[in-house]
$ cat protein-v8.txt   # compact mmCIF, C-alpha atoms
# COMPACT_ATOMS: atom_id res chain seq x y z
CA MET A 67 0.00 0.00 0.00
CA LYS A 68 1.01 3.64 -0.35
CA ALA A 69 1.90 5.48 2.83
CA VAL A 70 3.80 8.55 3.97
CA ILE A 71 6.81 7.51 6.04
CA TYR A 72 9.89 8.95 7.67
CA LYS A 73 13.01 7.17 8.88
CA GLU A 74 14.50 9.86 11.11
CA TYR A 75 13.46 12.94 13.03
CA GLY A 76 13.50 16.19 11.11
CA GLY A 77 11.57 18.69 9.01
CA SER A 78 9.20 18.02 6.15
CA GLU A 79 12.15 16.96 4.00
CA VAL A 80 12.30 13.59 5.81
CA LEU A 81 8.81 12.65 4.59
CA ARG A 82 8.33 10.53 1.50
CA VAL A 83 5.61 8.42 -0.10
CA ALA A 84 6.53 4.74 -0.22
CA GLU A 85 5.05 1.33 -0.85
CA ILE A 86 4.93 -0.56 2.45
CA GLU A 87 3.35 -3.76 3.68
CA GLU A 88 -0.34 -3.56 4.54
CA PRO A 89 -1.17 -3.82 8.25
CA HIS A 90 -3.67 -6.41 9.50
CA ALA A 91 -6.03 -6.15 12.43
CA GLY A 92 -4.90 -7.70 15.69
CA PRO A 93 -7.08 -8.64 18.67
CA GLY A 94 -9.58 -5.92 19.46
CA GLN A 95 -8.67 -3.97 16.34
CA VAL A 96 -10.20 -3.05 13.00
CA ARG A 97 -8.46 -2.16 9.77
CA LEU A 98 -9.75 0.84 7.87
CA LYS A 99 -9.61 1.70 4.22
CA VAL A 100 -8.68 5.32 4.81
CA MET A 101 -10.97 7.87 3.19
CA ALA A 102 -9.69 11.02 4.91
CA VAL A 103 -6.98 11.96 7.42
CA GLY A 104 -6.94 14.90 9.81
CA VAL A 105 -3.67 16.87 9.93
CA ASN A 106 -2.71 18.11 13.40
CA PRO A 107 0.18 20.15 14.84
CA ILE A 108 1.17 17.18 16.98
CA ASP A 109 2.07 15.33 13.76
CA TYR A 110 4.99 17.64 12.95
CA LYS A 111 5.95 18.00 16.63
CA ILE A 112 6.36 14.22 16.87
CA ARG A 113 8.23 14.16 13.53
CA TYR A 114 10.75 16.72 14.81
CA GLY A 115 11.34 14.57 17.90
CA TRP A 116 10.13 17.29 20.26
CA LEU A 117 7.78 14.84 21.99
CA HIS A 118 10.00 11.76 21.88
CA GLN A 119 9.62 11.04 25.58
CA MET A 120 5.84 11.01 25.30
CA PHE A 121 5.66 9.41 21.85
CA PRO A 122 8.81 7.35 21.19
CA MET A 123 9.04 6.29 17.54
CA THR A 124 10.22 3.08 15.92
CA PHE A 125 11.50 3.90 12.42
CA PRO A 126 10.33 3.87 9.74
CA THR A 127 7.04 5.28 10.97
CA VAL A 128 3.79 6.43 9.42
CA PRO A 129 2.54 9.72 10.93
CA GLY A 130 -1.00 10.74 11.83
CA GLY A 131 -3.64 9.57 14.24
CA GLU A 132 -7.00 11.04 13.14
CA VAL A 133 -8.92 9.13 10.52
CA ALA A 134 -12.21 8.44 8.81
CA GLY A 135 -12.65 5.31 6.74
CA ILE A 136 -14.42 2.07 5.92
CA VAL A 137 -13.85 -1.04 8.04
CA ASP A 138 -12.46 -3.78 5.80
CA GLU A 139 -10.99 -6.18 8.36
CA VAL A 140 -12.03 -7.08 11.91
CA GLY A 141 -9.69 -8.59 14.49
CA GLU A 142 -10.33 -11.29 17.06
CA GLY A 143 -12.70 -10.38 19.87
CA VAL A 144 -14.26 -7.38 18.17
CA ALA A 145 -17.99 -6.93 18.70
CA GLY A 146 -20.27 -4.22 17.41
CA VAL A 147 -18.10 -3.15 14.46
CA LEU A 148 -18.56 -4.89 11.11
CA VAL A 149 -16.80 -4.98 7.76
CA GLY A 150 -18.29 -2.23 5.62
CA ASP A 151 -19.04 0.13 8.51
CA GLU A 152 -18.16 3.79 7.90
CA VAL A 153 -16.34 5.06 10.99
CA MET A 154 -14.14 7.82 12.39
CA GLY A 155 -11.68 7.93 15.24
CA PHE A 156 -8.07 7.38 16.26
CA THR A 157 -5.41 5.04 14.88
CA VAL A 158 -2.76 2.89 16.53
CA ALA A 159 0.71 2.00 15.29
CA GLY A 160 0.49 -1.75 14.84
CA ALA A 161 -1.33 -5.00 15.48
CA ASP A 162 0.68 -5.65 18.66
CA ALA A 163 -0.18 -2.27 20.21
CA SER A 164 -3.29 -1.83 22.34
CA TYR A 165 -2.58 1.91 22.50
CA ALA A 166 0.36 3.37 20.64
CA GLY A 167 -0.21 7.07 20.59
CA VAL A 168 -0.94 8.87 17.37
CA THR A 169 0.70 7.15 14.43
CA GLY A 170 -0.37 5.35 11.31
CA ALA A 171 -3.11 7.34 9.55
CA TYR A 172 -1.18 8.82 6.58
CA ALA A 173 -1.73 5.72 4.48
CA GLN A 174 -4.23 3.82 2.35
CA TYR A 175 -4.97 1.46 5.26
CA ALA A 176 -4.68 2.03 9.01
CA LEU A 177 -5.41 0.20 12.24
CA ALA A 178 -7.61 1.35 15.10
CA MET A 179 -8.86 -0.17 18.31
CA ALA A 180 -12.51 -1.04 17.83
CA ALA A 181 -13.26 0.87 21.06
CA ASP A 182 -11.71 4.02 19.54
CA VAL A 183 -13.93 4.39 16.48
CA ALA A 184 -17.46 5.76 16.20
CA PRO A 185 -20.01 5.45 13.40
CA LYS A 186 -19.87 8.15 10.75
CA PRO A 187 -23.33 9.62 10.21
CA ALA A 188 -24.51 9.31 6.62
CA GLY A 189 -24.92 13.08 6.35
CA LEU A 190 -21.34 13.84 7.41
CA SER A 191 -18.66 14.19 4.72
CA TRP A 192 -15.45 12.20 4.95
CA GLU A 193 -13.48 15.44 5.35
CA LEU A 194 -15.57 16.59 8.32
CA ALA A 195 -15.50 13.12 9.85
CA ALA A 196 -11.70 13.21 9.81
CA ALA A 197 -11.67 16.76 11.19
CA LEU A 198 -13.68 16.04 14.34
CA PRO A 199 -12.01 13.42 16.59
CA VAL A 200 -8.99 15.37 17.87
CA ALA A 201 -10.83 18.68 18.20
CA VAL A 202 -13.81 17.32 20.10
CA GLU A 203 -11.79 14.98 22.32
CA THR A 204 -9.31 17.74 23.21
CA SER A 205 -11.93 20.34 24.05
CA ASP A 206 -14.14 17.85 25.89
CA ARG A 207 -11.12 16.83 27.98
CA VAL A 208 -9.96 20.40 28.71
CA LEU A 209 -13.41 21.68 29.65
CA GLY A 210 -13.69 18.70 31.98
CA LEU A 211 -10.37 19.58 33.61
CA LEU A 212 -11.51 23.19 33.99
CA LYS A 213 -14.90 22.10 35.34
CA VAL A 214 -16.64 24.76 33.29
CA THR A 215 -20.31 25.08 34.25
CA ALA A 216 -23.34 27.18 33.31
CA GLY A 217 -23.11 30.81 34.30
CA GLU A 218 -19.29 30.93 34.33
CA THR A 219 -17.06 32.98 32.05
CA LEU A 220 -14.37 31.15 30.07
CA LEU A 221 -11.48 32.92 28.35
CA LEU A 222 -10.42 30.90 25.30
CA HIS A 223 -7.17 31.85 23.56
CA GLY A 224 -6.88 30.85 19.90
CA ALA A 225 -10.65 30.63 19.69
CA ALA A 226 -10.86 30.72 15.88
CA GLY A 227 -8.65 27.65 15.33
CA VAL A 228 -10.21 24.25 14.79
CA VAL A 229 -9.72 23.03 18.37
CA GLY A 230 -10.49 26.46 19.83
CA SER A 231 -13.68 26.92 17.82
CA VAL A 232 -14.94 23.53 18.92
CA GLY A 233 -14.07 24.51 22.49
CA VAL A 234 -16.16 27.66 22.08
CA GLN A 235 -19.16 25.67 20.93
CA LEU A 236 -18.90 23.04 23.65
CA ALA A 237 -18.53 25.68 26.38
CA VAL A 238 -21.47 27.70 25.05
CA SER A 239 -23.56 24.52 24.97
CA ARG A 240 -22.76 24.10 28.68
CA GLY A 241 -24.16 27.53 29.39
CA ALA A 242 -20.86 29.39 29.79
CA THR A 243 -20.06 32.85 28.50
CA VAL A 244 -17.01 32.56 26.21
CA ILE A 245 -14.54 35.39 25.61
CA GLY A 246 -12.51 34.31 22.59
CA THR A 247 -9.22 35.88 21.49
CA ALA A 248 -8.60 36.00 17.74
CA SER A 249 -7.61 38.33 14.93
CA GLU A 250 -10.27 40.83 13.87
CA ALA A 251 -10.76 38.91 10.63
CA ASN A 252 -12.24 36.06 12.68
CA HIS A 253 -14.52 38.09 14.95
CA ASP A 254 -17.68 37.60 12.92
CA TYR A 255 -17.00 33.85 12.83
CA LEU A 256 -16.64 33.74 16.62
CA ARG A 257 -19.85 35.71 17.08
CA SER A 258 -21.62 33.16 14.88
CA LEU A 259 -20.46 30.46 17.31
CA GLY A 260 -21.75 32.36 20.34
CA ALA A 261 -18.49 33.83 21.63
CA VAL A 262 -17.59 37.41 22.52
CA PRO A 263 -14.51 38.13 20.35
CA VAL A 264 -11.49 40.07 21.61
CA THR A 265 -8.42 40.94 19.54
CA TYR A 266 -5.23 39.35 20.87
CA GLY A 267 -1.93 41.22 21.16
CA ASP A 268 -0.93 44.35 23.05
CA GLY A 269 -3.71 45.57 25.31
CA VAL A 270 -5.56 42.26 25.39
CA VAL A 271 -5.79 42.27 29.20
CA GLU A 272 -7.70 45.56 29.16
CA ARG A 273 -9.91 44.40 26.30
CA VAL A 274 -10.78 41.16 28.10
CA ARG A 275 -11.60 43.04 31.31
CA ALA A 276 -13.85 45.38 29.38
CA ALA A 277 -15.62 42.43 27.74
CA ALA A 278 -15.90 40.50 31.02
CA PRO A 279 -16.21 42.96 33.93
CA GLN A 280 -17.54 40.07 36.01
CA GLY A 281 -14.08 38.44 35.82
CA ILE A 282 -12.70 35.26 34.28
CA ASP A 283 -13.52 31.95 35.95
CA ALA A 284 -11.34 29.71 33.78
CA VAL A 285 -8.86 29.91 30.89
CA TYR A 286 -8.44 27.50 27.98
CA ASP A 287 -5.24 28.26 26.02
CA ALA A 288 -5.66 26.66 22.61
CA GLY A 289 -2.94 28.55 20.81
CA HIS A 290 -1.70 32.02 21.69
CA ASP A 291 1.15 31.56 24.22
CA ALA A 292 -0.82 33.61 26.70
CA LEU A 293 -0.05 32.06 30.06
CA ASP A 294 1.25 35.23 31.70
CA ILE A 295 -1.80 37.30 30.83
CA SER A 296 -4.01 34.35 31.72
CA MET A 297 -2.56 34.33 35.22
CA GLU A 298 -3.01 38.09 35.45
CA LEU A 299 -6.66 37.82 34.45
CA ARG A 300 -7.13 35.04 37.01
CA GLY A 301 -5.80 37.28 39.78
CA GLY A 302 -2.29 35.84 39.82
CA THR A 303 -3.34 32.23 40.40
CA THR A 304 -2.52 29.25 38.20
CA ASP A 305 -5.77 27.57 39.22
CA ARG A 306 -8.25 26.73 36.45
CA ILE A 307 -5.89 27.49 33.57
CA VAL A 308 -5.17 24.74 31.04
CA THR A 309 -2.95 24.94 27.94
CA ILE A 310 -2.69 22.35 25.21
CA HIS A 311 0.56 23.57 23.66
CA ASP A 312 2.69 25.93 25.78
CA ILE A 313 5.45 23.93 27.48
CA ARG A 314 6.20 26.88 29.79
CA ALA A 315 3.23 25.61 31.76
CA LEU A 316 5.53 23.05 33.35
CA GLU A 317 7.70 25.83 34.80
CA LEU A 318 4.75 27.95 35.91
CA GLY A 319 2.78 25.20 37.60
CA ILE A 320 -0.05 25.42 35.08
CA THR A 321 -1.83 22.33 33.80
CA MET A 322 -0.72 21.24 30.34
CA SER A 323 -3.01 18.75 28.65
CA THR A 324 -1.60 17.24 25.46
CA GLY A 325 -2.68 13.67 26.19
CA PRO A 326 -3.02 10.88 26.69
CA ARG A 327 -6.44 11.25 25.20
CA GLN A 328 -9.51 9.89 26.89
CA GLN A 329 -9.82 6.17 26.36
CA GLN A 330 -13.02 4.60 24.96
CA PHE A 331 -14.19 8.01 23.80
CA ALA A 332 -16.26 6.48 20.99
CA PRO A 333 -19.72 7.06 22.56
CA GLU A 334 -18.99 10.77 23.05
CA LEU A 335 -17.44 11.02 19.58
CA ALA A 336 -20.56 9.44 18.07
CA GLU A 337 -22.75 12.07 19.73
CA TYR A 338 -20.52 14.94 18.59
CA ALA A 339 -20.55 13.49 15.06
CA ARG A 340 -24.34 13.42 15.12
CA MET A 341 -24.34 17.08 16.21
CA ALA A 342 -22.00 17.96 13.34
CA ALA A 343 -24.16 16.11 10.83
CA ASP A 344 -27.21 18.01 12.14
CA GLY A 345 -25.43 21.37 11.86
CA GLN A 346 -25.24 21.84 15.64
CA LEU A 347 -21.42 21.66 15.70
CA ASN A 348 -19.35 23.46 13.09
CA VAL A 349 -15.79 22.83 11.92
CA ARG A 350 -14.22 24.82 9.10
CA ILE A 351 -12.18 22.98 6.48
CA ASP A 352 -9.26 25.05 5.16
CA ARG A 353 -8.40 22.68 2.33
CA SER A 354 -8.10 19.04 1.35
CA LEU A 355 -4.86 17.81 -0.21
CA PRO A 356 -3.84 14.46 -1.74
CA LEU A 357 -1.79 12.12 0.45
CA ALA A 358 1.24 12.77 -1.76
CA GLU A 359 1.19 16.38 -0.56
CA ALA A 360 1.43 15.49 3.14
CA ALA A 361 4.67 17.46 3.48
CA ARG A 362 2.93 20.56 2.13
CA ALA A 363 0.00 20.07 4.52
CA LEU A 364 2.34 19.84 7.50
CA GLU A 365 4.26 22.92 6.34
CA LEU A 366 0.96 24.82 6.26
CA SER A 367 0.11 23.53 9.73
CA GLU A 368 3.52 24.50 11.09
CA ALA A 369 3.33 27.98 9.55
CA GLY A 370 0.21 28.56 11.61
CA HIS A 371 -3.15 30.23 11.09
CA PRO A 372 -4.81 27.97 8.52
CA ARG A 373 -8.45 29.04 8.28
CA GLY A 374 -9.79 25.68 9.31
CA LYS A 375 -8.82 22.03 9.25
CA LEU A 376 -6.24 20.58 6.88
CA VAL A 377 -7.27 17.18 5.51
CA LEU A 378 -5.43 14.57 3.45
CA LEU A 379 -7.24 12.34 0.96
CA PRO A 380 -5.47 9.04 0.05

$ encode --input "protein-v8.txt" --output "structure tokens"
Amino acid sequence: MKAVIYKEYGGSEVLRVAEIEEPHAGPGQVRLKVMAVGVNPIDYKIRYGWLHQMFPMTFPTVPGGEVAGIVDEVGEGVAGVLVGDEVMGFTVAGADASYAGVTGAYAQYALAMAADVAPKPAGLSWELAAALPVAVETSDRVLGLLKVTAGETLLLHGAAGVVGSVGVQLAVSRGATVIGTASEANHDYLRSLGAVPVTYGDGVVERVRAAAPQGIDAVYDAGHDALDISMELRGGTTDRIVTIHDIRALELGITMSTGPRQQQFAPELAEYARMAADGQLNVRIDRSLPLAEAARALELSEAGHPRGKLVLLP
């Protein structure tokens, strides 16, 4: 089968398309004919070796962990998932791995634990199905850590990104008021999701205070390196601040949540997918690229500020 692989840590230049042996489903696993792959910043961070302690690689490796596809092989002990099912979820690295992080999706076939895939609603496109799992799992997990409840005010940095925009929608659905930082070009989009937009950059503390005179109950940092101002807006405390990307959190005593993801998340993912199919949960797609252009997709992701999800189509 065709797959994107790399044999050493490095930039996009280490990626290449190659013919490799097809994987086969082990116990508790399903094999998917991949229809769409979600591209995520963690993919290039792992490729550079920045997260080697959390996600050690065995080379050569196939990147990616977010997938939508058709089940074409079912492993021993699998119940409730059948050949021919259209599903979405998270991949694993190999048939001998019950949970192997986030590798294996940039290929024509990929493996997943049966407990980690959810049915794809008929009304949901393959691109949107591949765009949902990471964003909804991440924001569901972070809002749980923050214990955001109805009537509270959440400050969400990077609110117009894919993960951030999903976080906005989930928090609003819980009855929270969401103050979302973003460039002015994205303010109308954030308003459409139910957030109060605030421009990031110099003066953001004053702008947030003006937008939320009642104060900030919790902070979700989804992408603006804003831990210092988050602490200031929380009255100097590190309590109820969570970042998903800023490693300075470890020095400051702030919670950093990059994984591991929630296990057996499939029931929640199925519900979020139903909401997306019904138009109750929105995710923007920036562009879809062929698998052969995976390096380009990751360069776009690394450059920052794509206007929506980047998706690969094998």

$ closest_residue --input "protein-v8.txt" --among "A:Gly241, A:Pro372, A:Pro263, A:Gly217" --to "Gln280 of chain A" --atoms "all atoms listed in the file"
A:Gly217

$ closest_atom_pairs --input "protein-v8.txt" --of "segment 210-282 of chain A" --to "segment 311-334 of chain A" --cutoff "12 Å" --atoms "all atoms listed in the file" --output "CSV"
residue,atom,partner,partner_atom,distance
A:Gly210,CA,A:Gln328,CA,11.0
A:Leu211,CA,A:Ser323,CA,8.9
A:Leu212,CA,A:Thr321,CA,9.7
A:His223,CA,A:His311,CA,11.3
A:Gly224,CA,A:His311,CA,11.1
A:Val229,CA,A:His311,CA,11.6

$ closest_residue --input "protein-v8.txt" --among "A:Gly374, A:Met154, A:Thr265, A:Glu74" --to "His118 of chain A" --atoms "all atoms listed in the file"
A:Glu74

$ atom_distance --input "protein-v8.txt" --atom1 "atom CA of Val308 of chain A" --atom2 "atom CA of Gly345 of chain A"
28.1 Å

$ residues_around --input "protein-v8.txt" --residues "Gly233 of chain A" --least-positions-apart "3" --cutoff "12 Å" --atoms "all atoms listed in the file" --output "number ranges by chain"
A: 198, 200-210, 212, 214, 220-230, 236-240, 242-246, 256, 259-261, 285-289, 310, 347-349

$ closest_residue --input "protein-v8.txt" --among "A:Tyr72, A:Phe121, A:Tyr255, A:Phe156" --to "Ala360 of chain A" --atoms "only C-alpha atoms"
A:Tyr72

$ closest_residue --input "protein-v8.txt" --among "A:Glu272, A:Glu87, A:Asp352, A:Asp305" --to "Glu193 of chain A" --atoms "only C-alpha atoms"
A:Asp352

$ residues_around --input "protein-v8.txt" --residues "segment 296-302 of chain A" --least-positions-apart "3" --cutoff "7 Å" --atoms "all atoms listed in the file" --output "number ranges by chain"
A: 271, 282, 285, 292-293

$ atom_distance --input "protein-v8.txt" --atom1 "atom CA of Gly92 of chain A" --atom2 "atom CA of Tyr175 of chain A"
13.9 Å

$ atom_distance --input "protein-v8.txt" --atom1 "atom CA of Pro107 of chain A" --atom2 "atom CA of Glu368 of chain A"
6.6 Å

$ closest_residue --input "protein-v8.txt" --among "A:Ile108, A:Val83, A:Ala176, A:Ala69" --to "Leu364 of chain A" --atoms "all atoms listed in the file"
A:Ile108

$ closest_residue --input "protein-v8.txt" --among "A:Leu117, A:Leu98, A:Ala343, A:Ala178" --to "Gly150 of chain A" --atoms "only C-alpha atoms"
A:Leu98

$ residues_around --input "protein-v8.txt" --residues "Val105 of chain A" --least-positions-apart "3" --cutoff "8 Å" --atoms "only C-alpha atoms" --output "number ranges by chain"
A: 109, 130, 132, 363-364, 367, 375-378

$ residues_around --input "protein-v8.txt" --residues "Pro185 of chain A" --least-positions-apart "2" --cutoff "7 Å" --atoms "all atoms listed in the file" --output "list in words"
Glu152, Val153, Met154, Val183, Pro187 and Ala336 of chain A

$ residues_around --input "protein-v8.txt" --residues "Ala173 of chain A" --least-positions-apart "5" --cutoff "8 Å" --atoms "only C-alpha atoms" --output "JSON, numbers by chain"
{"A": [67, 68, 69, 70, 100, 128, 357, 380]}
